[in-house]
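Data from model-v9.txt: compact mmCIF, C-alpha atoms and all ligand atoms
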# COMPACT_ATOMS: atom_id res chain seq x y z
CA MET A 23 -3.72 -13.92 11.64
CA ARG A 24 -2.20 -15.00 8.39
CA ILE A 25 -0.65 -12.48 6.04
CA HIS A 26 -0.42 -12.81 2.26
CA HIS A 27 1.78 -10.48 0.22
CA LEU A 28 0.16 -9.52 -3.10
CA ASN A 29 1.49 -7.52 -6.02
CA CYS A 30 -1.63 -5.67 -7.21
CA GLY A 31 -0.03 -3.78 -10.08
CA THR A 32 3.20 -3.62 -12.04
CA CYS A 33 4.75 -0.48 -13.49
CA CYS A 34 7.61 -0.62 -16.01
CA PRO A 35 8.92 2.95 -16.36
CA LEU A 36 11.32 3.78 -19.14
CA GLY A 37 14.74 4.14 -17.57
CA GLY A 38 15.39 0.61 -16.31
CA ARG A 39 17.85 0.67 -13.45
CA LEU A 40 17.38 4.42 -12.99
CA PHE A 41 14.09 3.34 -11.42
CA ASP A 42 14.55 -0.11 -9.95
CA GLY A 43 18.30 -0.12 -9.40
CA GLU A 44 18.94 -3.40 -11.20
CA SER A 45 17.21 -3.88 -14.59
CA GLU A 46 19.53 -4.41 -17.55
CA ALA A 47 16.60 -3.68 -19.87
CA ALA A 48 15.28 -0.30 -20.93
CA PHE A 49 12.24 -0.65 -18.68
CA GLY A 50 12.33 -0.98 -14.90
CA ARG A 51 9.97 -3.02 -12.78
CA LEU A 52 8.08 -1.70 -9.77
CA VAL A 53 5.32 -3.51 -7.89
CA CYS A 54 2.28 -2.38 -5.88
CA HIS A 55 2.85 -4.35 -2.69
CA CYS A 56 -0.44 -4.98 -0.86
CA LEU A 57 -1.40 -7.27 2.01
CA LEU A 58 -4.30 -9.63 2.48
CA ILE A 59 -4.77 -10.52 6.15
CA GLU A 60 -6.90 -13.40 7.37
CA SER A 61 -8.27 -12.38 10.76
CA ASP A 62 -11.14 -12.94 13.16
CA ALA A 63 -12.62 -9.70 11.77
CA GLY A 64 -12.76 -11.22 8.28
CA LEU A 65 -10.38 -10.58 5.45
CA ILE A 66 -8.50 -7.28 5.55
CA LEU A 67 -6.77 -5.67 2.60
CA VAL A 68 -3.97 -3.17 3.13
CA ASP A 69 -3.92 -1.01 0.00
CA THR A 70 -5.46 -2.23 -3.25
CA GLY A 71 -3.20 -1.36 -6.19
CA PHE A 72 -5.11 -1.19 -9.47
CA GLY A 73 -8.66 -2.55 -9.72
CA ILE A 74 -10.70 -4.30 -12.39
CA ARG A 75 -12.03 -1.05 -13.84
CA ASP A 76 -8.53 0.46 -13.96
CA VAL A 77 -7.24 -2.37 -16.10
CA THR A 78 -10.31 -2.63 -18.34
CA ARG A 79 -11.03 1.12 -18.77
CA PRO A 80 -7.73 2.80 -17.87
CA HIS A 81 -8.36 6.09 -19.66
CA GLU A 82 -11.58 6.71 -17.69
CA ARG A 83 -9.87 6.03 -14.41
CA LEU A 84 -6.21 7.03 -14.61
CA SER A 85 -4.45 10.14 -15.85
CA ALA A 86 -2.74 9.94 -19.25
CA PHE A 87 0.31 11.47 -17.56
CA PHE A 88 0.82 8.63 -15.06
CA LEU A 89 -0.27 5.91 -17.49
CA ALA A 90 2.62 6.99 -19.72
CA LEU A 91 5.24 8.00 -17.14
CA ASN A 92 4.86 4.87 -15.00
CA ASN A 93 4.09 2.62 -17.98
CA ILE A 94 1.35 0.96 -15.94
CA GLN A 95 0.81 -2.66 -16.96
CA LEU A 96 -2.88 -3.43 -17.13
CA ARG A 97 -3.13 -7.00 -15.89
CA PRO A 98 -6.49 -8.30 -14.64
CA GLU A 99 -4.75 -11.24 -12.95
CA GLU A 100 -2.83 -8.84 -10.68
CA THR A 101 -5.91 -7.11 -9.29
CA ALA A 102 -6.62 -7.80 -5.62
CA ILE A 103 -10.01 -9.33 -6.39
CA ALA A 104 -8.49 -11.83 -8.84
CA GLN A 105 -5.85 -12.81 -6.28
CA VAL A 106 -8.38 -13.09 -3.45
CA ARG A 107 -10.35 -15.53 -5.62
CA ARG A 108 -7.21 -17.40 -6.64
CA LEU A 109 -6.36 -17.93 -2.96
CA GLY A 110 -9.75 -19.60 -2.64
CA PHE A 111 -11.60 -16.82 -0.81
CA ASP A 112 -14.92 -15.15 -1.52
CA PRO A 113 -14.31 -11.42 -2.23
CA ASN A 114 -17.43 -10.68 -0.14
CA ASP A 115 -15.44 -11.79 2.89
CA VAL A 116 -13.11 -8.78 2.52
CA ARG A 117 -14.63 -6.71 5.36
CA HIS A 118 -12.02 -3.99 5.79
CA ILE A 119 -9.59 -2.08 3.61
CA VAL A 120 -6.84 0.00 5.22
CA ILE A 121 -5.57 2.63 2.79
CA SER A 122 -2.14 4.23 3.21
CA HIS A 123 -3.19 7.11 0.95
CA LEU A 124 -5.54 7.68 -1.98
CA ASP A 125 -3.04 7.90 -4.85
CA PHE A 126 -4.21 6.17 -8.03
CA ASP A 127 -1.83 3.22 -7.57
CA HIS A 128 -3.12 2.39 -4.08
CA ALA A 129 -6.85 3.11 -4.26
CA GLY A 130 -7.79 1.52 -7.61
CA GLY A 131 -9.11 -1.76 -6.21
CA ILE A 132 -11.29 -0.29 -3.43
CA GLU A 133 -14.56 -0.45 -5.40
CA ASP A 134 -14.04 -4.12 -6.24
CA PHE A 135 -15.03 -4.73 -2.59
CA PRO A 136 -18.20 -2.63 -2.13
CA GLN A 137 -19.11 -4.25 1.19
CA ALA A 138 -15.82 -3.29 2.87
CA THR A 139 -15.27 -0.51 5.39
CA VAL A 140 -12.40 1.71 4.20
CA HIS A 141 -10.07 3.08 6.90
CA LEU A 142 -7.69 6.02 6.43
CA LEU A 143 -6.56 9.31 7.93
CA GLU A 144 -9.02 12.20 7.74
CA ASP A 145 -6.35 14.50 6.28
CA GLU A 146 -5.96 12.16 3.31
CA MET A 147 -9.70 12.00 2.68
CA ASP A 148 -9.86 15.77 2.83
CA ALA A 149 -6.90 16.28 0.44
CA ALA A 150 -8.24 13.75 -2.05
CA CYS A 151 -11.80 15.15 -2.04
CA ARG A 152 -10.44 18.63 -2.68
CA ARG A 153 -7.85 17.23 -5.09
CA ARG A 154 -5.34 19.35 -3.26
CA GLY A 155 -2.10 20.05 -5.09
CA GLY A 156 -3.22 21.74 -8.31
CA LEU A 157 -2.50 19.86 -11.52
CA MET A 158 -0.64 17.09 -9.69
CA GLY A 159 -3.54 16.73 -7.28
CA SER A 160 -5.97 16.13 -10.13
CA ARG A 161 -3.64 13.57 -11.69
CA ARG A 162 -2.83 11.63 -8.53
CA TYR A 163 -6.28 11.67 -6.88
CA ARG A 164 -8.92 10.01 -9.06
CA PRO A 165 -12.37 10.23 -7.40
CA GLN A 166 -13.73 7.82 -10.01
CA GLN A 167 -11.73 5.13 -8.14
CA TRP A 168 -13.51 5.65 -4.81
CA ASP A 169 -16.62 7.83 -5.17
CA GLU A 170 -18.91 4.82 -4.71
CA VAL A 171 -17.52 3.83 -1.31
CA ALA A 172 -20.42 3.54 1.15
CA ASP A 173 -18.54 3.13 4.41
CA TRP A 174 -15.53 5.33 5.16
CA ARG A 175 -13.87 5.38 8.56
CA CYS A 176 -11.63 8.43 8.91
CA TYR A 177 -9.26 9.07 11.81
CA ARG A 178 -7.78 12.29 13.17
CA ALA A 179 -4.03 12.40 12.67
CA GLY A 180 -3.14 13.62 16.17
CA GLU A 181 -4.87 10.85 18.13
CA GLY A 182 -2.96 7.79 19.31
CA GLU A 183 0.11 6.59 21.16
CA PRO A 184 3.87 6.65 20.53
CA TRP A 185 5.25 3.54 18.83
CA PHE A 186 8.98 3.01 18.12
CA GLY A 187 9.63 6.75 17.73
CA PHE A 188 6.48 7.44 15.68
CA GLN A 189 3.64 9.51 17.12
CA ALA A 190 -0.16 9.22 17.14
CA VAL A 191 -0.16 5.54 16.26
CA ARG A 192 -3.57 3.95 16.75
CA ASP A 193 -5.68 0.87 16.28
CA LEU A 194 -8.69 0.85 13.96
CA ASP A 195 -12.43 0.39 14.57
CA GLY A 196 -13.45 -3.24 14.25
CA LEU A 197 -9.97 -4.49 13.40
CA PRO A 198 -7.74 -6.67 15.61
CA PRO A 199 -5.56 -4.63 18.02
CA GLU A 200 -2.45 -6.11 16.36
CA ILE A 201 -3.04 -3.81 13.35
CA LEU A 202 -1.96 -0.18 13.79
CA LEU A 203 -2.15 2.90 11.60
CA VAL A 204 1.10 4.89 11.69
CA PRO A 205 0.94 8.48 10.34
CA LEU A 206 3.83 9.09 7.90
CA MET A 207 3.11 12.47 6.33
CA GLY A 208 5.09 13.97 3.52
CA HIS A 209 4.36 11.94 0.38
CA THR A 210 0.75 13.14 0.76
CA TRP A 211 -1.07 15.14 3.45
CA GLY A 212 -2.55 12.11 5.18
CA HIS A 213 -0.13 9.37 4.19
CA SER A 214 0.25 6.56 6.70
CA GLY A 215 1.89 3.20 7.17
CA VAL A 216 0.41 0.07 8.70
CA ALA A 217 2.13 -1.98 11.41
CA ILE A 218 1.06 -5.55 12.13
CA CYS A 219 2.19 -7.58 15.09
CA ASP A 220 2.73 -10.92 13.44
CA ALA A 221 2.48 -13.83 15.88
CA GLY A 222 3.41 -16.16 13.01
CA SER A 223 6.88 -14.66 12.92
CA GLY A 224 7.44 -15.07 16.67
CA GLY A 225 5.72 -11.84 17.71
CA GLY A 226 7.74 -9.45 15.57
CA TRP A 227 6.28 -6.53 13.66
CA LEU A 228 5.70 -6.16 9.96
CA PHE A 229 5.70 -2.49 9.07
CA TYR A 230 4.31 -1.48 5.70
CA ALA A 231 5.66 2.03 5.08
CA ALA A 232 3.81 2.44 1.74
CA ASP A 233 5.31 5.40 -0.16
CA ALA A 234 7.29 6.88 2.76
CA TYR A 235 10.28 5.52 0.85
CA PHE A 236 10.58 3.77 -2.53
CA TYR A 237 13.82 1.83 -2.61
CA ARG A 238 15.30 -0.78 -0.27
CA GLY A 239 18.60 1.13 -0.07
CA GLU A 240 16.85 4.07 1.60
CA ILE A 241 16.66 2.13 4.88
CA GLY A 242 18.72 -0.60 6.56
CA SER A 243 22.03 1.21 6.24
CA ARG A 244 23.51 4.52 7.33
CA LEU A 245 24.45 5.04 3.69
CA TYR A 246 21.40 6.32 1.80
CA ARG A 247 21.01 4.73 -1.63
CA CYS A 248 18.26 5.42 -4.18
CA PRO A 249 18.33 5.31 -7.99
CA PRO A 250 18.04 8.81 -9.48
CA GLY A 251 14.74 8.15 -11.29
CA LEU A 252 13.03 7.13 -8.07
CA ARG A 253 14.62 9.97 -6.16
CA THR A 254 13.19 12.43 -8.68
CA TYR A 255 9.79 10.72 -8.63
CA GLN A 256 9.60 10.99 -4.84
CA ALA A 257 10.50 14.67 -4.95
CA MET A 258 7.88 15.27 -7.65
CA MET A 259 5.16 13.58 -5.59
CA GLU A 260 5.99 15.00 -2.15
CA VAL A 261 3.74 17.58 -0.53
CA ASP A 262 5.90 18.27 2.54
CA ARG A 263 9.59 17.69 2.02
CA SER A 264 10.76 18.15 5.58
CA ALA A 265 8.05 15.83 6.95
CA ARG A 266 8.86 13.22 4.31
CA LEU A 267 12.59 13.28 5.00
CA ALA A 268 12.06 13.27 8.77
CA ASN A 269 9.85 10.18 8.49
CA GLN A 270 12.35 8.52 6.19
CA ALA A 271 15.09 9.20 8.75
CA ARG A 272 12.89 7.68 11.49
CA LEU A 273 12.32 4.59 9.35
CA ARG A 274 16.06 4.28 8.68
CA ARG A 275 16.82 4.61 12.40
CA LEU A 276 14.20 2.00 13.27
CA SER A 277 15.56 -0.39 10.63
CA LEU A 278 19.02 -0.12 12.22
CA THR A 279 18.07 -0.21 15.90
CA HIS A 280 15.33 -2.88 15.81
CA GLU A 281 16.33 -4.98 12.84
CA GLY A 282 15.24 -8.30 14.29
CA GLU A 283 12.03 -6.95 15.76
CA VAL A 284 10.46 -4.84 13.02
CA ARG A 285 10.50 -5.79 9.35
CA ILE A 286 9.97 -2.66 7.28
CA PHE A 287 8.96 -2.64 3.63
CA CYS A 288 7.57 -0.13 1.16
CA ALA A 289 4.97 -0.32 -1.59
CA HIS A 290 7.00 -0.37 -4.77
CA ASP A 291 10.33 -2.15 -4.25
CA THR A 292 10.30 -5.41 -6.23
CA VAL A 293 13.11 -7.09 -4.28
CA GLU A 294 11.49 -6.41 -0.91
CA PHE A 295 8.23 -7.79 -2.27
CA GLU A 296 9.77 -10.98 -3.63
CA ILE A 297 11.63 -11.73 -0.39
CA LEU A 298 8.55 -11.22 1.79
CA ALA A 299 6.24 -13.12 -0.57
CA ALA A 300 8.68 -16.07 -0.58
CA ASP A 301 9.01 -16.00 3.22
CA ALA A 302 5.26 -15.96 3.83
CA PRO A 303 3.86 -19.15 5.36
CA PRO A 304 2.32 -21.66 2.95
CA ALA A 305 -1.35 -21.48 2.02
CA ALA A 306 -3.76 -21.84 4.90
CA VAL A 307 -5.80 -24.85 5.82
CA PRO A 308 -9.41 -24.05 4.89
CA VAL A 309 -11.03 -21.96 7.61
CA VAL A 310 -14.73 -22.23 8.27
CA GLY A 311 -16.41 -19.89 10.68
CA GLN A 312 -18.59 -16.85 11.14
CA GLY A 313 -17.13 -13.56 10.08
CA ARG A 314 -13.83 -15.06 9.14
CA GLY A 315 -12.28 -15.27 5.71
CA ARG A 316 -13.70 -18.51 4.41
CA ARG A 317 -11.91 -20.47 1.78
CA HIS A 318 -13.77 -21.79 -1.22
CA GLU A 319 -12.62 -24.20 -3.82
CA PRO A 320 -10.72 -22.06 -6.35
CA ALA A 321 -12.50 -21.89 -9.69
CA LEU A 322 -10.95 -24.05 -12.35
CA GLY A 323 -9.22 -22.46 -15.30
ZN ZN B 401 2.57 4.57 -4.76
Starting from the file, give its structure as structure tokens.
Ligand SMILES: [Zn+2]
Amino acid sequence: MRIHHLNCGTCCPLGGRLFDGESEAAFGRLVCHCLLIESDAGLILVDTGFGIRDVTRPHERLSAFFLALNNIQLRPEETAIAQVRRLGFDPNDVRHIVISHLDFDHAGGIEDFPQATVHLLEDEMDAACRRRGGLMGSRRYRPQQWDEVADWRCYRAGEGEPWFGFQAVRDLDGLPPEILLVPLMGHTWGHSGVAICDAGSGGGWLFYAADAYFYRGEIGSRLYRCPPGLRTYQAMMEVDRSARLANQARLRRLSLTHEGEVRIFCAHDTVEFEILAADAPPAAVPVVGQGRGRRHEPALG
């Protein structure tokens, strides 16, 4: 397997370092960290950021509230489909999408890959379909981003095995056994992370925790650190505070006890993204074969 780190959406909220912890400017910078995995089961996307229709018709797809609050940058070149093409792949070779949760900043690119099977926890599907959470639910869950999906694969939250202190961790239908779904409730009702055993890094784990935390200082140290803007944003978006904080504590513990074995990262921290994207192995040699992500000559221009 080969793993590419993609930023599929940039948000620049007013408040600068109150949100990203480092900007000198008035506006912060947050990414939508997604993964593209080359595997024997074809190309696999983990989360999708914003899609083509989000950036071309934002007011039909996204809530005015989040467009303004997050100052979402509408950049076609950051969509997953544009980056898949730029890497030299055919978007039709994206066979699977694993979705951490159906918030607008993770689910926007799903319909750019209509042939893909979309995997997620049943509780998340249920919450999103019912737009659970009142006004916030109708702003965060945008059915227009995913109501055309033909092939959902939903999983019960309680089924699976223990993994590094997390419960009910499981593999996914049709995906390599090295890719695991890790329930991390709290941010939403069916929020989950994705763990990938990465042979390329000597057999260690990459653990995408999505929105279980937002800032690099929330893990990796006994001292909790998070800019106040992001702390407030997380509290505003949470649906189960005790579950969210318990999962965050588990992630922090794991980051301290298995530092060399498990590399944890979240969806929106720019520094984490830039380090992982820079560390990723160089572009692959073209791969030709049935059912596998096949490289094409990138289009000119
Ligand atoms: Zn998010």
Quick one: pull the distance between CA of Thr254 in chain A and CA of Phe236 in chain A, Å, one decimal.
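Pair CA of Thr254 in chain A / CA of Phe236 in chain A returns 10.9 Å.
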Kindly provide, as number ranges by chain, the polymer residues lying within 9 Å of (-5.0, -13.0, -5.0), counting all atoms listed in the file and using the coordinates exactly as they appear in the file.
A: 26-30, 58, 99-111
Within 7 Å of ligand ZN 401 (chain B), counting all atoms listed in the file, which protein or nucleic acid residues do you find, written as a list in words?
Asp125, Asp127, His128, Ala232, Asp233, Ala289 and His290 of chain A
Counting all atoms listed in the file, select every polymer residue within 7 Å of (-7.0, 8.5, 1.7) as defined in the file's coordinates, and provide the selection as a VMD selection string.
chain A and resid 121 to 124 142 to 143 146 to 147 150 212
Keeping only C-alpha atoms, write those residues as a PDB file, keeping the file's coordinate frame.
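Once everything was written out, this is out_37.pdb:
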ATOM      1  CA  ILE A 121      -5.570   2.630   2.790  1.00  0.00           C
ATOM      2  CA  SER A 122      -2.140   4.230   3.210  1.00  0.00           C
ATOM      3  CA  HIS A 123      -3.190   7.110   0.950  1.00  0.00           C
ATOM      4  CA  LEU A 124      -5.540   7.680  -1.980  1.00  0.00           C
ATOM      5  CA  LEU A 142      -7.690   6.020   6.430  1.00  0.00           C
ATOM      6  CA  LEU A 143      -6.560   9.310   7.930  1.00  0.00           C
ATOM      7  CA  GLU A 146      -5.960  12.160   3.310  1.00  0.00           C
ATOM      8  CA  MET A 147      -9.700  12.000   2.680  1.00  0.00           C
ATOM      9  CA  ALA A 150      -8.240  13.750  -2.050  1.00  0.00           C
ATOM     10  CA  GLY A 212      -2.550  12.110   5.180  1.00  0.00           C
TER      11      GLY A 212
END
Go through A:Val261, A:Ile66, A:Val293, A:Cys34 one by one, measure the shortest atom-to-atom distance of each to Ala149 in chain A using all atoms listed in the file, and give the residue with the smallest value.
A:Val261
Counting only C-alpha atoms, the option among A:Val77, A:Val140, A:Met258, A:Ile94 closest to His209 in chain A:
A:Met258
Residue with smallest distance to Leu84 in chain A - pool A:Ala129, A:Val68, A:Ala48, A:Ile241, counting only C-alpha atoms:
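Counting only C-alpha atoms, the residue closest to Leu84 in chain A is A:Ala129.
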Atomic separation - CA of Tyr235 in chain A relative to CA of Thr139 in chain A, Å
26.6 Å
May I ask for the distance between CA of Leu194 in chain A and CA of Leu298 in chain A, given in Å to one decimal place?
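Between CA of Leu194 in chain A and CA of Leu298 in chain A the gap works out to 24.3 Å.
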To box range 242-261 of chain A, take all atoms listed in the file, fit an axis-aligned box, add 5 Å on each side, and give centre and edge lengths in Å to one decimal, as JSON.
{"center_x": 14.1, "center_y": 8.5, "center_z": -2.0, "size_x": 30.7, "size_y": 28.2, "size_z": 28.6}
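When all atoms listed in the file are used to measure the gap to Arg164 in chain A, the shortest distance among A:Gly31, A:Gly282, A:Gly130, A:Pro249 belongs to A:Gly130.
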Minimum-distance residue to Ala302 in chain A, chosen among A:Cys151, A:Phe41, A:Ile59, A:Leu96 (using all atoms listed in the file):
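Nearest to Ala302 in chain A: A:Ile59.
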